[in-house]
$ cat final_35.csv   # CSV, C-alpha atoms
chain,number,residue,atom,x,y,z
A,1,MET,CA,-1.4,-4.0,-38.0
A,2,MET,CA,-2.1,-7.5,-36.7
A,3,THR,CA,0.2,-8.8,-33.9
A,4,ALA,CA,2.1,-12.0,-34.8
A,5,THR,CA,0.7,-15.2,-33.2
A,6,MET,CA,2.2,-15.9,-29.8
A,7,THR,CA,2.5,-19.1,-27.8
A,8,PRO,CA,0.2,-19.3,-24.8
A,9,LEU,CA,3.2,-18.5,-22.5
A,10,GLU,CA,4.2,-15.5,-24.5
A,11,ARG,CA,0.6,-14.3,-24.7
A,12,THR,CA,0.2,-14.6,-20.9
A,13,LEU,CA,3.5,-13.0,-20.0
A,14,THR,CA,2.8,-10.1,-22.4
A,15,ALA,CA,-0.6,-9.5,-20.7
A,16,LEU,CA,1.0,-9.7,-17.3
A,17,GLY,CA,3.4,-7.0,-18.3
A,18,GLN,CA,0.4,-4.7,-18.8
A,19,LYS,CA,0.8,-4.9,-22.6
A,20,GLU,CA,-1.5,-6.1,-25.3
A,21,PRO,CA,-0.6,-9.5,-26.8
A,22,ASP,CA,-2.0,-11.0,-30.0
A,23,ARG,CA,-5.2,-11.9,-28.2
A,24,VAL,CA,-6.7,-12.0,-24.7
A,25,PRO,CA,-5.2,-15.0,-22.7
A,26,PHE,CA,-7.8,-17.6,-21.8
A,27,PHE,CA,-7.4,-19.8,-18.8
A,28,LEU,CA,-10.2,-22.4,-18.8
A,29,LEU,CA,-9.7,-23.9,-15.3
A,30,THR,CA,-11.3,-27.3,-16.0
A,31,THR,CA,-10.3,-30.0,-13.4
A,32,MET,CA,-12.9,-32.8,-13.2
A,33,HIS,CA,-13.8,-32.5,-16.9
A,34,GLY,CA,-10.7,-34.5,-17.6
A,35,ALA,CA,-12.4,-37.5,-16.1
A,36,LYS,CA,-15.2,-37.1,-18.7
A,37,GLU,CA,-12.7,-36.9,-21.5
A,38,LEU,CA,-11.1,-40.2,-20.4
A,39,ASN,CA,-14.4,-41.8,-19.5
A,40,LEU,CA,-13.4,-42.4,-15.9
A,41,SER,CA,-15.0,-41.7,-12.5
A,42,ILE,CA,-13.7,-38.7,-10.6
A,43,ARG,CA,-12.1,-41.0,-8.0
A,44,GLU,CA,-10.4,-43.1,-10.6
A,45,TYR,CA,-9.3,-40.1,-12.5
A,46,TYR,CA,-7.4,-38.7,-9.5
A,47,SER,CA,-5.9,-42.0,-8.6
A,48,LYS,CA,-2.9,-41.5,-11.0
A,49,GLY,CA,-1.0,-38.5,-12.0
A,50,GLU,CA,-0.8,-39.8,-15.6
A,51,ASN,CA,-4.6,-39.7,-15.8
A,52,VAL,CA,-4.6,-35.9,-15.1
A,53,ILE,CA,-1.8,-35.4,-17.5
A,54,LYS,CA,-3.8,-37.0,-20.3
A,55,GLY,CA,-7.0,-35.2,-19.2
A,56,GLN,CA,-5.3,-31.7,-19.1
A,57,VAL,CA,-3.6,-32.3,-22.5
A,58,ALA,CA,-7.0,-33.3,-24.0
A,59,LEU,CA,-8.8,-30.4,-22.5
A,60,GLN,CA,-6.2,-27.8,-23.6
A,61,LYS,CA,-6.5,-29.0,-27.1
A,62,LYS,CA,-10.3,-29.2,-27.1
A,63,TYR,CA,-10.8,-25.7,-25.8
A,64,ASP,CA,-7.6,-24.1,-27.0
A,65,SER,CA,-7.0,-22.8,-23.4
A,66,ASP,CA,-3.7,-21.0,-22.6
A,67,CYS,CA,-2.7,-23.0,-19.6
A,68,TYR,CA,-2.4,-26.5,-18.1
A,69,TYR,CA,-4.0,-26.7,-14.6
A,70,PRO,CA,-2.7,-29.7,-12.6
A,71,PHE,CA,-5.0,-29.0,-9.6
A,72,PHE,CA,-6.6,-32.1,-8.3
A,73,TYR,CA,-8.8,-31.0,-5.3
A,74,ALA,CA,-8.4,-28.7,-2.3
A,75,SER,CA,-8.6,-31.4,0.3
A,76,ALA,CA,-5.4,-33.0,-1.1
A,77,GLU,CA,-3.7,-30.7,1.4
A,78,THR,CA,-5.6,-31.9,4.5
A,79,GLU,CA,-5.2,-35.4,3.1
A,80,ALA,CA,-1.4,-34.9,3.4
A,81,TRP,CA,-2.0,-34.0,7.1
A,82,GLY,CA,-3.8,-37.3,7.6
A,83,GLY,CA,-7.3,-36.3,6.8
A,84,ASP,CA,-9.9,-38.2,4.8
A,85,VAL,CA,-11.3,-37.3,1.4
A,86,ILE,CA,-15.0,-37.7,0.4
A,87,TYR,CA,-15.6,-38.5,-3.3
A,88,ILE,CA,-18.9,-37.8,-5.1
A,89,ASN,CA,-19.9,-38.6,-8.6
A,90,ASP,CA,-20.4,-35.1,-10.0
A,91,GLY,CA,-18.3,-32.7,-8.0
A,92,PRO,CA,-14.9,-32.1,-6.5
A,93,PRO,CA,-13.6,-34.4,-3.7
A,94,ASN,CA,-14.1,-32.7,-0.4
A,95,ALA,CA,-12.5,-32.9,3.1
A,96,GLY,CA,-13.8,-35.4,5.6
A,97,ARG,CA,-13.8,-35.2,9.3
A,98,PRO,CA,-11.6,-32.3,10.6
A,99,ILE,CA,-8.1,-33.4,11.6
A,100,ILE,CA,-8.2,-30.9,14.5
A,101,SER,CA,-11.0,-31.6,16.9
A,102,GLU,CA,-9.8,-29.6,19.9
A,103,HIS,CA,-7.8,-26.4,19.7
A,104,GLN,CA,-5.1,-27.7,22.0
A,105,GLU,CA,-4.2,-30.3,19.4
A,106,ILE,CA,-2.6,-27.5,17.4
A,107,GLU,CA,0.4,-27.6,19.7
A,108,SER,CA,1.2,-31.3,18.9
A,109,ILE,CA,0.1,-31.6,15.3
A,110,GLU,CA,3.2,-32.3,13.1
A,111,VAL,CA,3.8,-30.6,9.8
A,112,PRO,CA,4.0,-33.3,7.0
A,113,GLU,CA,7.0,-33.5,4.8
A,114,VAL,CA,5.8,-32.9,1.2
A,115,ALA,CA,8.3,-35.5,-0.2
A,116,SER,CA,6.7,-38.2,2.0
A,117,CYS,CA,3.1,-37.6,1.0
A,118,ARG,CA,2.1,-40.1,-1.7
A,119,ASN,CA,-1.1,-38.1,-2.6
A,120,LEU,CA,1.0,-35.0,-3.3
A,121,GLU,CA,3.6,-36.9,-5.2
A,122,LYS,CA,0.8,-37.8,-7.7
A,123,ILE,CA,0.3,-34.1,-8.3
A,124,THR,CA,4.1,-33.5,-8.6
A,125,GLU,CA,4.3,-36.2,-11.2
A,126,CYS,CA,1.5,-34.6,-13.1
A,127,ILE,CA,3.3,-31.2,-13.0
A,128,ARG,CA,6.4,-32.9,-14.3
A,129,GLY,CA,4.5,-34.5,-17.1
A,130,LEU,CA,2.7,-31.4,-18.1
A,131,SER,CA,5.9,-29.4,-18.0
A,132,ARG,CA,7.3,-31.9,-20.6
A,133,GLU,CA,4.1,-31.5,-22.7
A,134,SER,CA,4.4,-27.7,-22.5
A,135,ALA,CA,7.9,-27.6,-23.9
A,136,GLY,CA,8.1,-24.0,-22.7
A,137,LYS,CA,5.0,-22.9,-24.7
A,138,ILE,CA,2.1,-23.4,-22.3
A,139,PRO,CA,2.0,-22.2,-18.7
A,140,VAL,CA,1.7,-24.8,-16.0
A,141,ILE,CA,-0.2,-23.4,-13.0
A,142,GLY,CA,0.4,-25.0,-9.6
A,143,VAL,CA,-1.9,-24.5,-6.6
A,144,VAL,CA,-1.6,-24.1,-2.9
A,145,MET,CA,-4.1,-23.4,-0.2
A,146,ALA,CA,-3.2,-20.3,1.8
A,147,PRO,CA,-2.1,-20.9,5.4
A,148,PHE,CA,-4.9,-18.5,6.5
A,149,SER,CA,-7.6,-20.4,4.6
A,150,VAL,CA,-6.8,-24.1,4.9
A,151,PRO,CA,-7.9,-24.3,8.6
A,152,VAL,CA,-11.5,-24.3,7.4
A,153,MET,CA,-10.8,-27.8,6.2
A,154,GLN,CA,-8.5,-28.7,9.1
A,155,MET,CA,-10.9,-27.8,11.9
A,156,GLY,CA,-14.2,-26.5,10.4
A,157,PHE,CA,-15.3,-22.9,9.9
A,158,GLU,CA,-17.0,-22.2,13.2
A,159,ALA,CA,-14.1,-23.7,15.2
A,160,TYR,CA,-11.6,-21.7,13.1
A,161,LEU,CA,-13.4,-18.4,13.7
A,162,ASP,CA,-13.4,-19.1,17.4
A,163,LEU,CA,-9.7,-19.8,17.2
A,164,MET,CA,-9.1,-16.6,15.3
A,165,TYR,CA,-11.0,-14.3,17.6
A,166,PHE,CA,-10.4,-15.9,21.0
A,167,GLU,CA,-7.1,-17.9,21.0
A,168,PRO,CA,-4.5,-15.8,19.3
A,169,ALA,CA,-1.5,-17.8,20.5
A,170,LEU,CA,-2.8,-21.0,19.1
A,171,PHE,CA,-3.9,-19.2,16.0
A,172,GLU,CA,-0.3,-18.0,15.4
A,173,THR,CA,1.1,-21.5,16.1
A,174,LEU,CA,-1.2,-23.0,13.4
A,175,MET,CA,-0.3,-20.2,11.0
A,176,LYS,CA,3.4,-21.0,11.4
A,177,LYS,CA,2.8,-24.7,10.8
A,178,ASN,CA,0.6,-24.1,7.8
A,179,GLN,CA,3.0,-21.6,6.4
A,180,GLN,CA,5.9,-24.0,6.6
A,181,PHE,CA,3.9,-26.6,4.7
A,182,CYS,CA,2.5,-24.1,2.1
A,183,VAL,CA,6.0,-22.8,1.2
A,184,GLU,CA,7.5,-26.2,0.9
A,185,TRP,CA,4.5,-27.4,-1.3
A,186,ALA,CA,4.6,-24.4,-3.5
A,187,ASN,CA,8.3,-24.6,-4.1
A,188,THR,CA,8.1,-28.3,-4.8
A,189,GLN,CA,5.6,-27.6,-7.5
A,190,LEU,CA,7.8,-24.9,-9.0
A,191,GLU,CA,10.8,-27.3,-8.9
A,192,ALA,CA,8.7,-29.9,-10.8
A,193,GLY,CA,8.1,-27.4,-13.6
A,194,ALA,CA,5.1,-25.2,-12.6
A,195,HIS,CA,5.5,-21.7,-14.1
A,196,ALA,CA,3.5,-20.0,-11.3
A,197,ILE,CA,1.5,-20.8,-8.2
A,198,CYS,CA,-2.2,-20.0,-7.6
A,199,TYR,CA,-2.5,-18.9,-3.9
A,200,PHE,CA,-6.1,-19.8,-2.9
A,201,ASP,CA,-7.1,-17.6,0.0
A,202,PRO,CA,-10.9,-17.3,0.2
A,203,ILE,CA,-11.0,-16.6,3.9
A,204,SER,CA,-9.1,-13.3,3.2
A,205,SER,CA,-12.1,-12.1,1.1
A,206,PRO,CA,-14.3,-9.4,2.6
A,207,SER,CA,-17.1,-12.0,1.9
A,208,CYS,CA,-15.6,-14.0,4.8
A,209,VAL,CA,-13.9,-11.7,7.3
A,210,PRO,CA,-13.9,-7.9,7.8
A,211,PRO,CA,-11.1,-6.1,6.0
A,212,GLU,CA,-9.7,-4.8,9.3
A,213,LEU,CA,-9.4,-8.4,10.6
A,214,TYR,CA,-7.8,-9.4,7.3
A,215,ARG,CA,-5.2,-6.7,7.6
A,216,LYS,CA,-4.2,-8.1,11.0
A,217,THR,CA,-4.2,-11.7,9.9
A,218,GLY,CA,-4.5,-13.0,6.3
A,219,TYR,CA,-2.7,-10.0,4.8
A,220,ARG,CA,0.3,-10.4,7.1
A,221,ILE,CA,0.4,-14.1,6.6
A,222,ALA,CA,0.1,-13.8,2.8
A,223,LYS,CA,2.9,-11.3,2.7
A,224,GLY,CA,5.2,-13.5,4.7
A,225,THR,CA,4.3,-16.7,2.7
A,226,ILE,CA,4.5,-15.2,-0.8
A,227,ALA,CA,7.9,-13.8,0.0
A,228,GLN,CA,9.2,-17.4,0.5
A,229,ILE,CA,7.6,-18.8,-2.7
A,230,LYS,CA,10.3,-19.0,-5.4
A,231,GLY,CA,8.2,-18.0,-8.3
A,232,PRO,CA,5.3,-15.7,-9.3
A,233,THR,CA,1.9,-16.1,-7.6
A,234,ALA,CA,-1.7,-15.3,-8.4
A,235,THR,CA,-4.0,-14.7,-5.4
A,236,HIS,CA,-7.5,-16.1,-5.8
A,237,LEU,CA,-10.3,-15.5,-3.3
A,238,ALA,CA,-12.4,-18.3,-4.9
A,239,SER,CA,-15.5,-16.3,-5.8
A,240,GLY,CA,-15.1,-13.9,-2.8
A,241,ARG,CA,-15.2,-10.2,-3.2
A,242,THR,CA,-11.9,-8.3,-3.6
A,243,LEU,CA,-12.5,-4.6,-4.0
A,244,ALA,CA,-12.2,-3.6,-0.3
A,245,ILE,CA,-8.7,-5.1,-0.1
A,246,ILE,CA,-7.3,-4.5,-3.5
A,247,ASP,CA,-4.7,-2.0,-2.2
A,248,ASP,CA,-3.6,-4.6,0.4
A,249,LEU,CA,-3.3,-7.4,-2.1
A,250,ALA,CA,-1.2,-5.2,-4.3
A,251,THR,CA,1.5,-5.1,-1.6
A,252,THR,CA,1.6,-8.8,-0.8
A,253,GLY,CA,4.0,-9.6,-3.6
A,254,THR,CA,1.4,-11.3,-5.8
A,255,ALA,CA,1.0,-10.5,-9.5
A,256,ILE,CA,-2.6,-11.4,-10.2
A,257,VAL,CA,-5.9,-11.2,-8.5
A,258,GLY,CA,-8.9,-13.5,-9.2
A,259,ALA,CA,-12.0,-11.4,-9.6
A,260,SER,CA,-15.4,-12.3,-8.2
A,261,ALA,CA,-18.5,-12.4,-10.4
A,262,LEU,CA,-20.1,-10.5,-7.5
A,263,GLU,CA,-18.2,-7.4,-8.6
A,264,ASP,CA,-17.8,-5.5,-11.9
A,265,ILE,CA,-14.6,-6.6,-13.5
A,266,GLY,CA,-14.0,-3.1,-15.0
A,267,THR,CA,-14.2,-1.6,-11.6
A,268,VAL,CA,-11.8,-4.3,-10.2
A,269,LYS,CA,-9.3,-3.6,-13.0
A,270,ALA,CA,-9.4,0.1,-12.5
A,271,ALA,CA,-8.8,-0.4,-8.8
A,272,CYS,CA,-5.8,-2.6,-9.5
A,273,ASN,CA,-4.4,0.4,-11.5
A,274,ARG,CA,-1.7,-1.7,-13.2
A,275,ARG,CA,-0.3,-2.9,-9.9
A,276,LEU,CA,-2.0,-6.3,-10.4
A,277,SER,CA,-3.3,-8.1,-13.4
A,278,VAL,CA,-6.9,-9.4,-13.3
A,279,LEU,CA,-8.1,-13.0,-13.8
A,280,GLY,CA,-11.8,-13.7,-14.2
A,281,ASN,CA,-14.7,-13.5,-13.9
A,282,LEU,CA,-17.2,-15.8,-15.7
A,283,ASN,CA,-19.8,-17.0,-13.2
A,284,GLY,CA,-19.3,-20.8,-13.0
A,285,ILE,CA,-22.5,-21.5,-11.2
A,286,ALA,CA,-24.6,-19.5,-13.8
A,287,MET,CA,-22.7,-21.2,-16.6
A,288,ARG,CA,-24.5,-24.5,-15.8
A,289,ARG,CA,-27.6,-23.0,-17.4
A,290,TRP,CA,-26.1,-20.8,-20.1
A,291,THR,CA,-26.8,-21.2,-23.8
A,292,PRO,CA,-24.0,-20.7,-26.3
A,293,ALA,CA,-25.4,-17.2,-26.9
A,294,ASP,CA,-25.2,-16.4,-23.2
A,295,ALA,CA,-21.5,-17.5,-23.2
A,296,ASP,CA,-20.8,-15.3,-26.2
A,297,ALA,CA,-22.4,-12.3,-24.6
A,298,ALA,CA,-20.6,-12.8,-21.3
A,299,VAL,CA,-17.2,-13.1,-22.9
A,300,ARG,CA,-17.8,-10.1,-25.1
A,301,ASP,CA,-18.7,-8.0,-22.1
A,302,LEU,CA,-15.7,-9.1,-20.1
A,303,ILE,CA,-13.3,-8.3,-23.0
A,304,ARG,CA,-14.9,-4.9,-23.5
A,305,LYS,CA,-14.5,-4.0,-19.9
A,306,ALA,CA,-11.2,-5.5,-18.9
A,307,ALA,CA,-9.0,-6.4,-21.9
A,308,PRO,CA,-7.9,-2.9,-23.2
A,309,GLY,CA,-4.2,-2.3,-22.4
A,310,GLY,CA,-3.5,-5.9,-21.3
A,311,GLY,CA,-3.3,-6.9,-17.7
A,312,PHE,CA,-6.2,-9.3,-18.1
A,313,ILE,CA,-6.7,-13.1,-18.4
A,314,LEU,CA,-10.2,-14.3,-19.1
A,315,SER,CA,-11.2,-17.1,-16.8
A,316,ASP,CA,-14.0,-18.2,-14.4
A,317,ASN,CA,-14.5,-16.5,-11.1
A,318,HIS,CA,-13.8,-19.4,-8.8
A,319,GLY,CA,-10.8,-21.2,-10.0
A,320,GLU,CA,-12.6,-24.4,-11.0
A,321,ILE,CA,-15.3,-25.0,-13.6
A,322,PRO,CA,-18.3,-27.0,-12.1
A,323,TRP,CA,-18.7,-30.5,-13.5
A,324,GLN,CA,-22.3,-29.6,-14.6
A,325,VAL,CA,-21.2,-26.9,-17.1
A,326,PRO,CA,-21.8,-28.4,-20.6
A,327,ASP,CA,-19.1,-28.8,-23.2
A,328,GLY,CA,-21.1,-26.7,-25.6
A,329,VAL,CA,-21.0,-23.7,-23.3
A,330,LEU,CA,-17.2,-24.1,-22.8
A,331,LEU,CA,-16.7,-24.4,-26.5
A,332,ALA,CA,-18.8,-21.3,-27.0
A,333,VAL,CA,-16.6,-19.4,-24.5
A,334,SER,CA,-13.5,-20.5,-26.4
A,335,ARG,CA,-15.0,-19.4,-29.7
A,336,ALA,CA,-16.0,-16.0,-28.3
A,337,VAL,CA,-12.5,-15.3,-27.0
A,338,LYS,CA,-11.1,-15.8,-30.5
A,339,LYS,CA,-14.0,-13.8,-31.9
A,340,TYR,CA,-13.7,-10.7,-29.7
A,341,GLY,CA,-10.3,-11.0,-28.0
A,342,ASN,CA,-7.9,-10.3,-30.9
A,343,TYR,CA,-5.7,-7.2,-30.4
A,344,PRO,CA,-6.2,-4.4,-31.4
A,345,LEU,CA,-9.6,-4.8,-29.9
A,346,ASP,CA,-12.8,-3.9,-31.8
A,347,VAL,CA,-15.5,-4.6,-29.1
A,348,ARG,CA,-18.1,-1.9,-28.5

$ encode --input "final_35.csv" --output "structure tokens"
Amino acid sequence: MMTATMTPLERTLTALGQKEPDRVPFFLLTTMHGAKELNLSIREYYSKGENVIKGQVALQKKYDSDCYYPFFYASAETEAWGGDVIYINDGPPNAGRPIISEHQEIESIEVPEVASCRNLEKITECIRGLSRESAGKIPVIGVVMAPFSVPVMQMGFEAYLDLMYFEPALFETLMKKNQQFCVEWANTQLEAGAHAICYFDPISSPSCVPPELYRKTGYRIAKGTIAQIKGPTATHLASGRTLAIIDDLATTGTAIVGASALEDIGTVKAACNRRLSVLGNLNGIAMRRWTPADADAAVRDLIRKAAPGGGFILSDNHGEIPWQVPDGVLLAVSRAVKKYGNYPLDVR
């Protein structure tokens, strides 16, 4: 018997409850593509919250995705701390010069108040607008950078690793300040209408730091931070591997883990063992060169491996589709989800 058609929010919540909805939820995490839809440069697109509202509404309709994704760019957070943003024509805006040039500056750096940051207010306005557009039917997904991961933009990777290994007191000071900001920013987005928060934490991945170091640092910090966020979270390691720390992630309080294309999604889902739902894991870099047939085959394989029993949202593996991925490939992904993803599944 066919399941009655659900709204995207109902579909998502059913899957997260480890049950089978009407079809596999599909989060197409397009960000910059909204600029293409509105015929704007990336810089101009992100200059106003209303642009991103229009872009996200257009993209959701075009691809029939199951969420709105009001994520602008990761360096918006260091911009709030006084950093610069570097814009390019065909990729995400990036962080400029580090705001922390000497470790001792950590003691004096002040935590910005979210309400006073104009660049963050644009994002908050966007969330409010998308919440109105959603009318309780389409999930709105907010985003924060984890306190453990954002220092890569604040001070640079090498300097941060030195801090982590050799200056534990200053490391703890920076974590406390970053946690204060992260919690306030996450809860501001939830108050504006976001249904959940994506907690981006790539440095916690075994691809970046050894699991034993993660358990002393990123794990402890994530657990303390997520406990203060007043809504559900999804932890995304932004293409980084997850399997070696799945058991740890399952006890941080998060509900979802973003799966890397470097790991088999069926293996990741089995390791989650219904403690976490799985998001992923189309390879965004490879998608730039896919044909529609490649997209169809990739979606079919993911659904076959990860969709039975619910607990799965089909998405990319990084949390942001590259600018260079063609519309035809994204449309093929959307068609394939509808072709193979209807429950009860019939994918061999």

$ closest_atom_pairs --input "final_35.csv" --of "region 74-166 of chain A" --to "region 233-243 of chain A" --cutoff "10 Å" --atoms "only C-alpha atoms" --output "Markdown table"
| residue | atom | partner | partner_atom | distance |
| --- | --- | --- | --- | --- |
| A:Ile141 | CA | A:Thr233 | CA | 9.3 |
| A:Gly142 | CA | A:Thr233 | CA | 9.2 |
| A:Val143 | CA | A:Thr233 | CA | 9.3 |
| A:Val144 | CA | A:Thr233 | CA | 9.9 |
| A:Met145 | CA | A:His236 | CA | 9.8 |
| A:Ala146 | CA | A:Thr235 | CA | 9.2 |
| A:Ser149 | CA | A:Leu237 | CA | 9.7 |

$ residues_around --input "final_35.csv" --residues "Leu276 (chain A)" --least-positions-apart "5" --cutoff "9 Å" --atoms "only C-alpha atoms" --output "CSV table (one decimal) with C-alpha atoms, in the coordinates of the input"
chain,number,residue,atom,x,y,z
A,16,LEU,CA,1.0,-9.7,-17.3
A,18,GLN,CA,0.4,-4.7,-18.8
A,246,ILE,CA,-7.3,-4.5,-3.5
A,249,LEU,CA,-3.3,-7.4,-2.1
A,250,ALA,CA,-1.2,-5.2,-4.3
A,254,THR,CA,1.4,-11.3,-5.8
A,255,ALA,CA,1.0,-10.5,-9.5
A,256,ILE,CA,-2.6,-11.4,-10.2
A,257,VAL,CA,-5.9,-11.2,-8.5
A,269,LYS,CA,-9.3,-3.6,-13.0
A,311,GLY,CA,-3.3,-6.9,-17.7

$ closest_residue --input "final_35.csv" --among "A:Asp296, A:Glu44, A:Asp316, A:Glu50" --to "Gly284 (chain A)" --atoms "all atoms listed in the file"
A:Asp316

$ closest_residue --input "final_35.csv" --among "A:Gly218, A:Pro232, A:Pro211, A:Gly258" --to "His318 (chain A)" --atoms "only C-alpha atoms"
A:Gly258

$ closest_residue --input "final_35.csv" --among "A:Leu29, A:Leu262, A:Leu163, A:Ile100" --to "Cys198 (chain A)" --atoms "all atoms listed in the file"
A:Leu29

$ closest_residue --input "final_35.csv" --among "A:Gly310, A:Gly193, A:Asp248, A:Lys61" --to "Ser277 (chain A)" --atoms "all atoms listed in the file"
A:Gly310

$ atom_distance --input "final_35.csv" --atom1 "CA of Ser134 (chain A)" --atom2 "CA of Lys62 (chain A)"
15.5 Å

$ residues_near_point --input "final_35.csv" --point "(-1.0, -30.0, 17.1)" --cutoff "12 Å" --atoms "only C-alpha atoms" --output "ChimeraX atom specification"
/A:81,99-112,154-155,170-171,173-178

$ axis_aligned_box --input "final_35.csv" --around "region 22-39 of chain A" --padding-each-side "4 Å" --output "JSON"
{"center_x": -8.6, "center_y": -26.4, "center_z": -21.6, "size_x": 21.2, "size_y": 38.8, "size_z": 24.8}

$ residues_around --input "final_35.csv" --residues "Asn342 (chain A)" --least-positions-apart "3" --cutoff "12 Å" --atoms "all atoms listed in the file" --output "NGL selection string"
:A and (1-6 or 11 or 20-26 or 300 or 303-304 or 307-308 or 310 or 335-339 or 345-347)

$ closest_residue --input "final_35.csv" --among "A:Gln56, A:Ser65, A:Ser75, A:Gln179" --to "Ser131 (chain A)" --atoms "all atoms listed in the file"
A:Gln56

$ residues_around --input "final_35.csv" --residues "Lys230 (chain A)" --least-positions-apart "2" --cutoff "12 Å" --atoms "only C-alpha atoms" --output "ChimeraX atom specification"
/A:182-191,193-197,225-228,232-233,253-254

$ atom_distance --input "final_35.csv" --atom1 "CA of Ser315 (chain A)" --atom2 "CA of Gly91 (chain A)"
19.3 Å

$ closest_residue --input "final_35.csv" --among "A:Cys126, A:Val140, A:Leu28, A:Val268" --to "Ile321 (chain A)" --atoms "only C-alpha atoms"
A:Leu28

$ atom_distance --input "final_35.csv" --atom1 "CA of Ser47 (chain A)" --atom2 "CA of Glu320 (chain A)"
19.0 Å

$ residues_around --input "final_35.csv" --residues "Thr267 (chain A)" --least-positions-apart "4" --cutoff "9 Å" --atoms "all atoms listed in the file" --output "compact mmCIF listing (two decimals) with C-alpha atoms, in the frame of the given file"
# COMPACT_ATOMS: atom_id res chain seq x y z
CA LEU A 243 -12.50 -4.60 -4.00
CA GLU A 263 -18.20 -7.40 -8.60
CA ALA A 271 -8.80 -0.40 -8.80
CA CYS A 272 -5.80 -2.60 -9.50
CA LYS A 305 -14.50 -4.00 -19.90
CA ALA A 306 -11.20 -5.50 -18.90

$ residues_around --input "final_35.csv" --residues "Tyr219 (chain A)" --least-positions-apart "2" --cutoff "8 Å" --atoms "all atoms listed in the file" --output "PyMOL selection string"
chain A and resi 204+214-217+221-223+248-249+252

$ build_atoms --input "final_35.csv" --residues "region 5-16 of chain A" --atoms "N, CA and C atoms" --output "short mmCIF file (atom, residue, chain, number, x, y, z; two decimals), in the coordinates of the input"
data_model
loop_
_atom_site.label_atom_id
_atom_site.label_comp_id
_atom_site.auth_asym_id
_atom_site.auth_seq_id
_atom_site.Cartn_x
_atom_site.Cartn_y
_atom_site.Cartn_z
N THR A 5 1.20 -14.18 -34.16
CA THR A 5 0.70 -15.20 -33.20
C THR A 5 1.70 -15.56 -32.20
N MET A 6 1.28 -15.58 -30.95
CA MET A 6 2.20 -15.90 -29.80
C MET A 6 1.85 -17.29 -29.30
N THR A 7 2.79 -17.86 -28.57
CA THR A 7 2.50 -19.10 -27.80
C THR A 7 1.66 -18.68 -26.60
N PRO A 8 0.96 -19.63 -25.98
CA PRO A 8 0.20 -19.30 -24.80
C PRO A 8 1.05 -18.65 -23.68
N LEU A 9 2.29 -19.12 -23.52
CA LEU A 9 3.20 -18.50 -22.50
C LEU A 9 3.54 -17.10 -22.85
N GLU A 10 3.89 -16.88 -24.10
CA GLU A 10 4.20 -15.50 -24.50
C GLU A 10 3.02 -14.59 -24.38
N ARG A 11 1.86 -15.09 -24.75
CA ARG A 11 0.60 -14.30 -24.70
C ARG A 11 0.35 -13.90 -23.21
N THR A 12 0.51 -14.87 -22.32
CA THR A 12 0.20 -14.60 -20.90
C THR A 12 1.25 -13.65 -20.31
N LEU A 13 2.52 -13.84 -20.59
CA LEU A 13 3.50 -13.00 -20.00
C LEU A 13 3.40 -11.53 -20.55
N THR A 14 3.01 -11.40 -21.81
CA THR A 14 2.80 -10.10 -22.40
C THR A 14 1.65 -9.36 -21.65
N ALA A 15 0.56 -10.08 -21.43
CA ALA A 15 -0.60 -9.50 -20.70
C ALA A 15 -0.22 -9.13 -19.30
N LEU A 16 0.56 -9.98 -18.64
CA LEU A 16 1.00 -9.70 -17.30
C LEU A 16 1.93 -8.53 -17.18
#
